[in-house]
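Trainee: Just work04.txt, nothing more (compact mmCIF, C-alpha atoms):
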```txt
# COMPACT_ATOMS: atom_id res chain seq x y z
CA MET B 11 0.00 0.00 0.00
CA THR B 12 1.41 3.45 -0.93
CA ASN B 13 1.10 6.65 1.08
CA ARG B 14 -1.38 7.88 -1.52
CA ASP B 15 -3.54 4.88 -0.75
CA LYS B 16 -3.63 6.10 2.86
CA LYS B 17 -4.94 9.52 1.84
CA THR B 18 -7.00 11.36 4.47
CA ASP B 19 -9.79 13.91 4.03
CA VAL B 20 -7.96 17.00 5.29
CA ILE B 21 -4.46 17.89 6.42
CA VAL B 22 -4.06 20.95 8.65
CA VAL B 23 -0.56 22.40 8.84
CA GLY B 24 -0.09 24.05 12.24
CA GLY B 25 -1.39 23.25 15.70
CA GLY B 26 -2.18 26.78 16.87
CA PRO B 27 -5.70 28.14 17.50
CA ALA B 28 -6.62 28.36 13.79
CA GLY B 29 -5.37 24.86 13.02
CA ILE B 30 -6.99 23.27 16.07
CA ALA B 31 -10.28 25.07 15.40
CA CYS B 32 -10.30 23.78 11.84
CA GLY B 33 -9.33 20.26 12.90
CA ILE B 34 -11.91 19.90 15.65
CA THR B 35 -14.68 21.26 13.41
CA LEU B 36 -13.88 18.59 10.84
CA ALA B 37 -13.50 15.80 13.41
CA ARG B 38 -16.84 16.59 15.02
CA ALA B 39 -18.43 16.33 11.57
CA GLY B 40 -17.02 12.83 11.22
CA LYS B 41 -14.29 13.71 8.73
CA GLU B 42 -10.75 12.33 8.80
CA VAL B 43 -8.28 15.08 9.64
CA VAL B 44 -4.55 15.11 10.40
CA ILE B 45 -3.06 18.12 12.20
CA ILE B 46 0.70 18.45 11.71
CA GLU B 47 2.53 20.51 14.36
CA ARG B 48 6.23 21.29 14.20
CA GLY B 49 6.61 21.86 17.94
CA LEU B 50 7.19 19.34 20.69
CA PHE B 51 3.48 19.72 21.42
CA ALA B 52 0.68 22.05 20.35
CA GLY B 53 1.38 25.39 22.01
CA SER B 54 5.07 24.79 22.68
CA LYS B 55 6.08 27.35 20.03
CA ASN B 56 3.02 29.59 20.15
CA VAL B 57 3.38 33.10 21.55
CA PHE B 58 0.88 35.91 22.13
CA GLY B 59 0.16 38.69 24.59
CA GLY B 60 -1.91 36.75 27.03
CA ALA B 61 -5.72 36.91 26.60
CA ILE B 62 -8.35 34.80 24.86
CA TYR B 63 -11.84 36.14 24.18
CA THR B 64 -14.86 34.33 25.58
CA HIS B 65 -17.21 34.82 22.64
CA SER B 66 -15.00 33.16 20.04
CA VAL B 67 -13.75 30.35 22.27
CA LYS B 68 -17.31 29.43 23.25
CA GLU B 69 -18.21 28.87 19.60
CA LEU B 70 -15.83 25.91 19.66
CA PHE B 71 -15.65 24.98 23.34
CA PRO B 72 -18.95 25.92 25.06
CA ASN B 73 -17.77 24.65 28.47
CA PHE B 74 -14.19 25.96 28.34
CA GLU B 75 -14.64 28.17 31.40
CA THR B 76 -14.95 25.12 33.62
CA GLU B 77 -12.66 22.79 31.64
CA ALA B 78 -9.76 24.78 30.15
CA PRO B 79 -6.55 25.84 31.98
CA LEU B 80 -7.34 29.54 32.56
CA GLU B 81 -5.33 32.04 34.59
CA ARG B 82 -7.46 35.09 35.47
CA ARG B 83 -10.77 36.61 34.34
CA THR B 84 -10.23 40.11 32.97
CA VAL B 85 -12.02 42.78 34.99
CA GLU B 86 -9.91 45.84 34.11
CA HIS B 87 -8.37 47.40 31.01
CA ASN B 88 -5.70 50.06 31.48
CA TYR B 89 -4.29 52.31 28.76
CA ALA B 90 -0.92 53.71 29.79
CA ILE B 91 0.66 56.60 27.89
CA LEU B 92 4.33 56.70 28.80
CA GLY B 93 6.68 59.63 28.34
CA GLU B 94 10.36 59.27 29.01
CA LYS B 95 9.79 59.41 32.78
CA ASP B 96 6.14 60.37 33.30
CA SER B 97 2.86 58.67 32.41
CA THR B 98 -0.91 59.00 32.16
CA THR B 99 -3.19 56.00 32.70
CA ILE B 100 -6.84 55.62 31.75
CA SER B 101 -8.66 52.66 33.33
CA TYR B 102 -11.93 50.94 32.57
CA LYS B 103 -13.17 48.40 35.08
CA LYS B 104 -16.13 46.04 34.79
CA ASP B 105 -16.64 42.64 36.36
CA ASN B 106 -17.45 40.47 33.35
CA ASN B 107 -16.07 37.47 31.54
CA GLY B 108 -15.17 39.02 28.18
CA SER B 109 -11.67 37.55 28.25
CA TYR B 110 -9.27 35.45 30.27
CA SER B 111 -5.50 35.44 30.54
CA VAL B 112 -3.96 32.11 29.60
CA ILE B 113 -0.58 30.49 29.11
CA ARG B 114 -0.51 29.32 25.50
CA ALA B 115 1.61 26.23 26.18
CA LYS B 116 -1.15 25.04 28.52
CA PHE B 117 -4.21 26.33 26.66
CA ASP B 118 -3.24 25.22 23.16
CA ARG B 119 -2.28 21.80 24.47
CA TRP B 120 -5.71 21.50 26.08
CA MET B 121 -7.40 22.47 22.79
CA ALA B 122 -5.30 19.90 20.94
CA GLU B 123 -6.36 17.20 23.41
CA GLU B 124 -9.99 18.16 22.83
CA ALA B 125 -9.44 17.84 19.08
CA LYS B 126 -7.93 14.39 19.59
CA LYS B 127 -10.91 13.34 21.71
CA ALA B 128 -13.16 14.45 18.84
CA GLY B 129 -11.26 12.19 16.47
CA ALA B 130 -8.52 14.38 14.96
CA TYR B 131 -5.10 12.81 14.52
CA LEU B 132 -2.23 14.97 15.78
CA VAL B 133 1.29 14.56 14.40
CA GLU B 134 3.80 16.52 16.52
CA GLU B 135 7.49 17.35 16.10
CA THR B 136 7.07 17.24 12.34
CA VAL B 137 7.98 20.03 9.90
CA VAL B 138 6.15 20.34 6.59
CA ARG B 139 8.79 21.17 3.99
CA GLU B 140 6.57 21.79 0.98
CA LEU B 141 3.18 21.27 -0.56
CA ILE B 142 2.62 18.51 -3.09
CA VAL B 143 0.96 19.94 -6.18
CA GLU B 144 -0.41 17.96 -9.10
CA ASN B 145 -2.01 19.57 -12.16
CA GLY B 146 -2.28 22.87 -10.30
CA LYS B 147 -4.08 21.34 -7.31
CA VAL B 148 -2.65 20.87 -3.82
CA ILE B 149 -2.94 17.17 -3.00
CA GLY B 150 -0.73 16.78 0.08
CA VAL B 151 2.33 17.82 2.05
CA ARG B 152 5.93 16.65 2.18
CA THR B 153 7.63 16.39 5.58
CA GLU B 154 11.19 15.42 6.43
CA LEU B 155 9.97 11.88 7.11
CA GLU B 156 7.21 11.10 4.62
CA ASP B 157 4.51 12.43 2.34
CA TYR B 158 0.91 12.89 3.46
CA PHE B 159 -1.96 13.10 0.98
CA ALA B 160 -5.43 14.62 1.37
CA ASP B 161 -8.36 16.04 -0.55
CA ILE B 162 -7.85 19.42 1.15
CA VAL B 163 -4.88 21.07 2.85
CA VAL B 164 -5.42 23.95 5.30
CA LEU B 165 -2.46 26.24 5.96
CA ALA B 166 -2.33 27.44 9.56
CA ASP B 167 1.45 27.71 9.61
CA GLY B 168 1.82 31.26 10.94
CA VAL B 169 2.77 34.69 9.70
CA ASN B 170 5.68 33.59 7.51
CA SER B 171 3.67 30.79 5.80
CA LEU B 172 6.37 29.59 3.45
CA LEU B 173 3.84 27.12 2.08
CA ALA B 174 1.43 29.85 0.95
CA ARG B 175 4.35 31.61 -0.70
CA GLN B 176 5.44 28.38 -2.41
CA ILE B 177 2.22 28.20 -4.44
CA GLY B 178 1.90 31.95 -5.03
CA LEU B 179 -0.97 32.72 -2.68
CA ARG B 180 1.08 35.48 -1.09
CA LYS B 181 4.14 37.58 -1.80
CA ASP B 182 7.16 38.06 0.42
CA ILE B 183 6.24 40.07 3.51
CA GLN B 184 7.60 43.61 3.68
CA THR B 185 9.32 44.61 6.92
CA LYS B 186 6.73 47.34 7.55
CA ASP B 187 3.94 44.76 7.47
CA VAL B 188 5.18 42.54 10.28
CA ALA B 189 6.19 43.23 13.88
CA LEU B 190 8.62 41.41 16.10
CA SER B 191 7.05 40.90 19.51
CA VAL B 192 9.10 39.95 22.55
CA LYS B 193 7.74 39.14 25.97
CA GLU B 194 8.71 37.88 29.38
CA VAL B 195 6.68 35.99 31.93
CA ILE B 196 7.75 37.18 35.37
CA LYS B 197 6.89 35.08 38.39
CA LEU B 198 5.29 37.00 41.27
CA ASP B 199 3.38 36.02 44.36
CA LYS B 200 -0.34 36.20 43.61
CA ASP B 201 -0.99 38.40 46.63
CA LEU B 202 1.55 40.92 45.32
CA ILE B 203 -0.17 40.87 41.94
CA ASN B 204 -3.54 41.47 43.60
CA GLN B 205 -2.14 44.35 45.61
CA ARG B 206 -0.22 46.07 42.84
CA PHE B 207 -2.98 45.79 40.23
CA ASN B 208 -5.82 46.36 42.72
CA ILE B 209 -7.59 43.08 41.92
CA LYS B 210 -8.76 39.98 43.78
CA ASP B 211 -7.98 36.28 43.41
CA GLY B 212 -9.12 35.12 39.99
CA GLU B 213 -9.46 38.67 38.67
CA GLY B 214 -7.16 39.94 35.94
CA SER B 215 -5.90 43.26 34.65
CA ILE B 216 -4.63 44.19 31.19
CA VAL B 217 -2.31 47.14 30.56
CA GLU B 218 -1.94 48.37 26.98
CA ILE B 219 1.11 50.59 26.65
CA PHE B 220 1.83 53.47 24.29
CA GLY B 221 5.09 55.41 24.09
CA GLY B 222 7.93 54.98 26.53
CA PRO B 223 10.90 53.41 24.71
CA MET B 224 8.64 53.15 21.63
CA LEU B 225 7.95 56.89 21.30
CA GLY B 226 7.76 57.80 17.63
CA MET B 227 7.83 54.15 16.55
CA LEU B 228 5.11 51.87 15.25
CA GLY B 229 5.08 49.76 18.36
CA LEU B 230 2.94 49.01 21.41
CA GLY B 231 3.50 47.31 24.75
CA PHE B 232 1.34 45.10 26.94
CA MET B 233 1.00 43.55 30.38
CA TYR B 234 -1.28 40.72 31.47
CA THR B 235 -1.77 39.30 34.94
CA ASN B 236 -1.68 35.53 35.35
CA THR B 237 -2.39 33.55 38.51
CA ASP B 238 1.13 33.88 39.92
CA SER B 239 3.00 35.71 37.16
CA VAL B 240 2.86 38.82 35.00
CA THR B 241 3.37 38.84 31.24
CA ILE B 242 5.08 41.95 29.88
CA GLY B 243 6.12 42.59 26.30
CA LEU B 244 6.07 44.82 23.27
CA GLY B 245 5.88 44.61 19.50
CA VAL B 246 7.61 46.88 17.00
CA THR B 247 7.55 46.68 13.20
CA LEU B 248 10.70 45.23 11.68
CA ASP B 249 11.44 48.29 9.56
CA GLU B 250 11.38 50.48 12.69
CA LEU B 251 13.84 48.18 14.44
CA VAL B 252 16.16 48.23 11.43
CA LYS B 253 16.01 52.01 10.97
CA ALA B 254 16.63 52.71 14.66
CA ASN B 255 19.18 49.89 14.97
CA TYR B 256 17.33 48.60 18.02
CA ARG B 257 17.24 45.08 19.34
CA PRO B 258 13.76 44.34 20.74
CA PHE B 259 14.98 42.95 24.07
CA GLU B 260 16.76 46.28 24.68
CA LEU B 261 13.44 48.10 24.27
CA LEU B 262 11.79 45.61 26.60
CA GLU B 263 14.44 46.27 29.26
CA GLN B 264 13.79 50.01 28.95
CA LEU B 265 10.06 49.40 29.28
CA LYS B 266 10.54 47.27 32.39
CA ASN B 267 12.62 50.04 33.97
CA HIS B 268 10.10 52.81 33.28
CA PRO B 269 8.89 54.46 36.54
CA LYS B 270 5.30 53.43 35.76
CA ILE B 271 6.13 49.77 35.04
CA ALA B 272 9.04 48.91 37.34
CA PRO B 273 7.05 48.94 40.62
CA LEU B 274 4.51 46.50 39.15
CA ILE B 275 7.10 43.78 38.51
CA GLU B 276 9.64 44.59 41.24
CA GLY B 277 11.02 41.51 42.95
CA GLY B 278 9.78 39.15 40.27
CA THR B 279 11.90 36.42 38.70
CA LEU B 280 12.10 35.63 34.99
CA LYS B 281 10.13 32.51 34.17
CA GLU B 282 10.00 32.63 30.36
CA TYR B 283 11.32 34.70 27.45
CA SER B 284 9.94 34.38 23.93
CA ALA B 285 9.73 36.19 20.60
CA HIS B 286 7.22 35.96 17.79
CA MET B 287 6.36 37.59 14.45
CA ILE B 288 2.96 39.31 14.26
CA PRO B 289 1.11 40.38 11.07
CA GLU B 290 0.77 44.18 10.95
CA GLY B 291 -0.31 44.85 7.38
CA GLY B 292 -4.03 44.77 7.99
CA TYR B 293 -6.81 44.25 5.46
CA LYS B 294 -4.83 45.38 2.42
CA LYS B 295 -2.16 42.75 3.01
CA ILE B 296 -4.48 39.74 3.31
CA PRO B 297 -3.26 37.15 0.79
CA GLN B 298 -5.29 34.96 -1.55
CA LEU B 299 -7.13 32.69 0.86
CA VAL B 300 -8.27 29.88 -1.42
CA SER B 301 -6.99 27.84 -4.35
CA ASP B 302 -7.60 24.35 -5.68
CA GLY B 303 -7.31 21.98 -2.73
CA VAL B 304 -6.04 24.56 -0.23
CA MET B 305 -7.20 27.27 2.23
CA VAL B 306 -5.26 29.74 4.40
CA VAL B 307 -6.27 30.66 7.98
CA GLY B 308 -5.14 32.59 11.06
CA ASP B 309 -1.83 34.47 11.08
CA ALA B 310 -0.94 32.89 7.74
CA ALA B 311 -3.92 34.83 6.36
CA MET B 312 -2.69 38.03 8.12
CA LEU B 313 -5.85 38.06 10.26
CA VAL B 314 -4.81 40.26 13.18
CA ASN B 315 -6.67 43.35 14.41
CA ASN B 316 -3.79 45.21 16.00
CA LEU B 317 -5.74 48.23 17.22
CA HIS B 318 -7.87 46.01 19.45
CA TRP B 319 -5.14 43.47 20.26
CA GLU B 320 -7.18 40.71 18.65
CA GLY B 321 -5.57 37.77 16.90
CA THR B 322 -6.40 34.54 18.68
CA ASN B 323 -10.15 35.06 18.35
CA LEU B 324 -9.81 35.82 14.63
CA ALA B 325 -7.67 32.71 14.23
CA LEU B 326 -10.22 30.51 16.00
CA ILE B 327 -13.13 31.75 13.89
CA SER B 328 -11.23 31.61 10.60
CA GLY B 329 -10.20 28.03 11.39
CA LYS B 330 -13.77 27.10 12.31
CA LEU B 331 -15.15 28.61 9.08
CA ALA B 332 -12.51 26.87 6.98
CA GLY B 333 -13.45 23.61 8.69
CA GLU B 334 -17.13 24.16 7.85
CA ALA B 335 -16.27 24.93 4.22
CA ALA B 336 -14.14 21.79 4.06
CA VAL B 337 -16.99 19.65 5.40
CA GLU B 338 -19.30 20.97 2.68
CA ALA B 339 -16.66 20.43 -0.02
CA LEU B 340 -16.05 16.86 1.16
CA ASP B 341 -19.77 16.13 1.11
CA ASP B 342 -19.92 17.45 -2.48
CA LYS B 343 -16.64 15.71 -3.43
CA ASP B 344 -15.54 19.01 -4.99
CA PHE B 345 -12.21 20.44 -3.83
CA SER B 346 -11.82 23.13 -6.47
CA LYS B 347 -11.12 26.77 -5.74
CA LYS B 348 -14.77 27.55 -6.54
CA SER B 349 -16.00 25.01 -4.01
CA LEU B 350 -13.58 26.07 -1.27
CA SER B 351 -14.48 29.72 -1.85
CA ARG B 352 -17.32 29.03 0.57
CA TYR B 353 -14.69 29.68 3.25
CA GLU B 354 -13.97 33.15 1.89
CA LYS B 355 -17.68 33.95 1.72
CA LYS B 356 -18.20 32.80 5.29
CA LEU B 357 -15.22 34.87 6.43
CA ASN B 358 -16.47 37.97 4.61
CA ASN B 359 -19.83 37.65 6.35
CA SER B 360 -18.24 37.28 9.80
CA PHE B 361 -16.99 39.96 12.18
CA VAL B 362 -13.45 38.89 11.31
CA MET B 363 -13.28 40.36 7.82
CA LYS B 364 -15.72 43.15 8.59
CA ASP B 365 -13.43 44.37 11.39
CA MET B 366 -10.35 43.97 9.21
CA LYS B 367 -12.03 46.08 6.53
CA THR B 368 -13.10 48.70 9.06
CA TYR B 369 -9.45 49.51 9.79
CA LYS B 370 -8.18 49.07 6.24
CA ASP B 371 -6.62 52.56 6.15
CA LEU B 372 -5.22 52.58 9.69
CA PHE B 373 -1.69 51.54 8.87
CA ASP B 374 -1.42 53.82 5.84
CA VAL B 375 -2.18 56.75 8.12
CA MET B 376 0.03 55.58 10.97
CA HIS B 377 3.06 55.00 8.76
CA VAL B 378 2.82 58.58 7.50
CA ARG B 379 1.86 60.32 10.77
CA LYS B 380 3.59 58.09 13.35
CA LYS B 381 5.84 60.86 14.69
CA ALA B 382 2.74 62.92 15.40
CA PHE B 383 0.40 60.29 16.86
CA LEU B 384 2.96 58.07 18.58
CA ASP B 385 5.31 60.74 19.89
CA TYR B 386 4.19 64.37 19.86
CA TYR B 387 0.58 63.93 21.00
CA LEU B 388 1.45 61.26 23.55
CA LYS B 389 3.90 63.68 25.13
CA LYS B 390 1.28 66.42 24.99
CA VAL B 391 -1.20 64.28 26.92
CA ASN B 392 1.32 63.91 29.72
CA ALA B 393 2.25 67.59 29.49
CA PHE B 394 -1.41 68.57 29.92
CA PHE B 395 -1.83 66.50 33.07
CA GLU B 396 1.47 67.82 34.45
CA MET B 397 0.14 71.33 33.95
CA PHE B 398 -3.34 70.48 35.24
CA THR B 399 -2.10 68.87 38.46
CA SER B 400 0.53 71.52 39.26
CA ALA B 401 0.12 74.19 41.91
CA ASP B 402 3.01 76.46 40.99
CA GLY B 403 1.70 79.90 41.89
CA VAL B 404 0.91 80.74 38.27
CA PRO B 405 -2.76 81.58 37.55
CA LYS B 406 -4.53 78.62 35.96
CA ARG B 407 -5.75 80.67 33.01
CA GLU B 408 -2.17 81.60 32.12
CA ASN B 409 -1.16 77.93 32.22
CA TYR B 410 -4.11 76.95 30.02
CA TRP B 411 -3.31 79.56 27.37
CA LYS B 412 0.38 78.68 27.48
CA PHE B 413 -0.47 75.05 26.84
CA ILE B 414 -2.86 75.87 23.98
CA LYS B 415 -0.28 78.18 22.40
CA SER B 416 2.33 75.44 22.56
CA LEU B 417 0.13 73.18 20.42
CA PHE B 418 0.51 75.64 17.54
CA THR B 419 4.10 76.74 18.10
CA ASP B 420 5.59 73.31 18.80
CA ARG B 421 3.84 71.50 15.97
CA GLY B 422 3.18 74.24 13.45
CA ILE B 423 -0.09 75.21 11.79
CA ILE B 424 0.49 73.24 8.60
CA GLU B 425 1.38 70.02 10.41
CA LEU B 426 -1.59 70.42 12.74
CA PHE B 427 -3.94 70.66 9.77
CA LYS B 428 -2.31 67.59 8.22
CA ASP B 429 -2.87 65.71 11.47
CA ILE B 430 -6.50 66.80 11.66
CA PHE B 431 -7.06 65.84 8.02
CA ALA B 432 -5.49 62.41 8.65
CA ILE B 433 -7.78 61.83 11.63
CA ILE B 434 -10.88 62.87 9.67
CA LYS B 435 -9.87 60.60 6.79
CA LEU B 436 -9.31 57.69 9.16
CA VAL B 437 -12.58 58.20 11.06
CA TRP B 438 -14.45 58.55 7.79
CA SER B 439 -13.03 55.28 6.46
CA ILE B 440 -14.01 53.53 9.73
CA LEU B 441 -17.57 54.80 9.84
CA ILE B 442 -18.49 54.60 6.17
```
Go ahead and express the file in the form of structure tokens.

Mentor:
Amino acid sequence: MTNRDKKTDVIVVGGGPAGIACGITLARAGKEVVIIERGLFAGSKNVFGGAIYTHSVKELFPNFETEAPLERRTVEHNYAILGEKDSTTISYKKDNNGSYSVIRAKFDRWMAEEAKKAGAYLVEETVVRELIVENGKVIGVRTELEDYFADIVVLADGVNSLLARQIGLRKDIQTKDVALSVKEVIKLDKDLINQRFNIKDGEGSIVEIFGGPMLGMLGLGFMYTNTDSVTIGLGVTLDELVKANYRPFELLEQLKNHPKIAPLIEGGTLKEYSAHMIPEGGYKKIPQLVSDGVMVVGDAAMLVNNLHWEGTNLALISGKLAGEAAVEALDDKDFSKKSLSRYEKKLNNSFVMKDMKTYKDLFDVMHVRKKAFLDYYLKKVNAFFEMFTSADGVPKRENYWKFIKSLFTDRGIIELFKDIFAIIKLVWSILI
């Protein structure tokens, strides 16, 4: 018997959220599916900020809140604007279950086990070298050990997706369209975490960070509270790192030493360090998602909503929708591009693509006006609150007018109008 005789229904390349979501959807429908993961186990190589969103996870795992390995339930979102030494923080607190912090190595492994229980076959520690193409149709994958054949192949192999590039579904990624994210998990006593973040056992806090060592750069930072650790990290586009000749771990060290951040992690010990590439191109950089015998999901499809820090939920839903499209194609015994285009239609009708399209012009604007929006105005926010909270013997009205005047003299009338026009253009594209 040849390997081709042992052909399966679907091969999924990648055991992250998108791949597992696709695999479990197929397995639950009674289809044969093989998930190939290059890591030691599903989740061993997966990196993200730290939160999964309840709505999307429940679509696949309705009882995950009582079954999955969760860290803390998010009850507070903080937005920290960091200057070089000062900061302004805006907080929103509500006791709900919109998201949970998780450790990916634990959570992804749990999802993979659920997929196996449903009937999916998981092949770990195996790297897919290339796609097998016959008469223009993808019919399988080639690993370092053997070939696997299937009616459909789903690519969930991450932001680089060499496989999608191999068959021309996407071009080489430009350095401005991808960020390098680095993070540390710092072990802290849970009572210290509760005290410093003003939360209780089981409650979690998220801090989204602007400025600081990333002033003037297309980059953002983040902190997430786990049960007995804190995740801290940042992501900066590759072209910014090259231009500034920065190494990302140097920026992370600066962030950790900022007066706003340092007290929150003081006394902690490093538990984990990791780095990961994140899609930054947005809607305009989404590749071709479907061809004969193949679909692309998750990070490989550039499905990340950076403004809202959403990636895992988009990956889960894209994988689920690809799985549904594959089930229909298998029932019809039609694996052509036209048949698999059901996936693209489902995706376009979901919040995933609608949200991606909403922010289609965001990165065009930010690349042009980054010095204004990610440096000048961040500093001005802190400058306003420094002025507003000072009692320096100068009449308040004089301080107000001095601050207003500085907006025009420091930035210049022409640049101010360009900034205003850019904001109007961006808001218009979002709302219309």

Trainee: Please provide as a count of residues only all residues within 9 Å of region 345-362 of chain B, with the sequence filter that same-chain residues fewer than 3 positions apart are discarded (counting all atoms listed in the file).

Mentor: 31

Trainee: Could you name the residues that touch Lys68 (chain B) at 12 Å or less, counting all atoms listed in the file, but leaving out those on the same chain fewer than 3 positions away, as a ChimeraX atom specification?

Mentor: /B:31,62-65,71-78,107-109,323,326-327,330

Trainee: How far is it from CA of Gly231 (chain B) to CA of Ile271 (chain B), in Å with one decimal?

Mentor: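 We find that CA of Gly231 (chain B) and CA of Ile271 (chain B) lie 10.9 Å from each other.
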
Trainee: Between CA of Leu436 (chain B) and CA of Tyr387 (chain B), what is the distance in Å, rounded to a tenth?

Mentor: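 Computed distance, CA of Leu436 (chain B) to CA of Tyr387 (chain B), equals 16.6 Å.
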
Trainee: Excluding Ile21 (chain B) and residues on its chain fewer than 3 positions from it, collect all residues at most 7 Å away from it, counting only C-alpha atoms, and give them as an mmCIF file with C-alpha atoms, keeping the file's coordinate frame.

Mentor:
```cif
data_model
loop_
_atom_site.group_PDB
_atom_site.id
_atom_site.type_symbol
_atom_site.label_atom_id
_atom_site.label_comp_id
_atom_site.auth_asym_id
_atom_site.auth_seq_id
_atom_site.Cartn_x
_atom_site.Cartn_y
_atom_site.Cartn_z
ATOM 1 C CA VAL B 43 -8.280 15.080 9.640
ATOM 2 C CA VAL B 44 -4.550 15.110 10.400
ATOM 3 C CA ILE B 45 -3.060 18.120 12.200
ATOM 4 C CA ALA B 160 -5.430 14.620 1.370
ATOM 5 C CA ILE B 162 -7.850 19.420 1.150
ATOM 6 C CA VAL B 163 -4.880 21.070 2.850
ATOM 7 C CA VAL B 164 -5.420 23.950 5.300
#
```

Trainee: CA of Gly93 (chain B) and CA of Gly222 (chain B) are how many Å apart?

Mentor: 5.1 Å

Trainee: Which protein, DNA or RNA residues have an atom at most 10 Å from (-0.3, 40.1, 38.2), counting only C-alpha atoms? List them as a ChimeraX atom specification.

Mentor: /B:82,196-209,213-216,233-241,274-275

Trainee: Could you check which of B:Gly33, B:Lys364, B:Ile113, B:Gly150 is closest to Thr18 (chain B), using all atoms listed in the file?

Mentor: B:Gly150

Trainee: Name the closest residue to Thr368 (chain B) among the candidates B:Ile440, B:Ala382, B:Ala254, B:Val307; distances are taken between atoms, counting only C-alpha atoms.

Mentor: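 Answer, going by the shortest atom-to-atom distance: B:Ile440.
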
Trainee: Find the residue from B:His268, B:Arg114, B:His286, B:Lys415 that sits nearest to Val246 (chain B); use only C-alpha atoms when measuring.

Mentor: B:His286

Trainee: In file coordinates, which residues lie within 9 Å of (6.6, 56.9, 29.7) using all atoms listed in the file, given as an MDAnalysis selection string?

Mentor: chainID B and resid 90:98 219:223 225 265 268:271 389 392

Trainee: For Ala125 (chain B), please output as a PyMOL selection string all residues within 10 Å (counting all atoms listed in the file; exclusion window: fewer than 3 positions along the same chain).

Mentor: chain B and resi 30-38+43+45+119-122+128-132

Trainee: Nearest residue to Glu320 (chain B) out of B:Glu290, B:Asp187, B:Asp420, B:Asp344, using all atoms listed in the file?

Mentor: B:Glu290
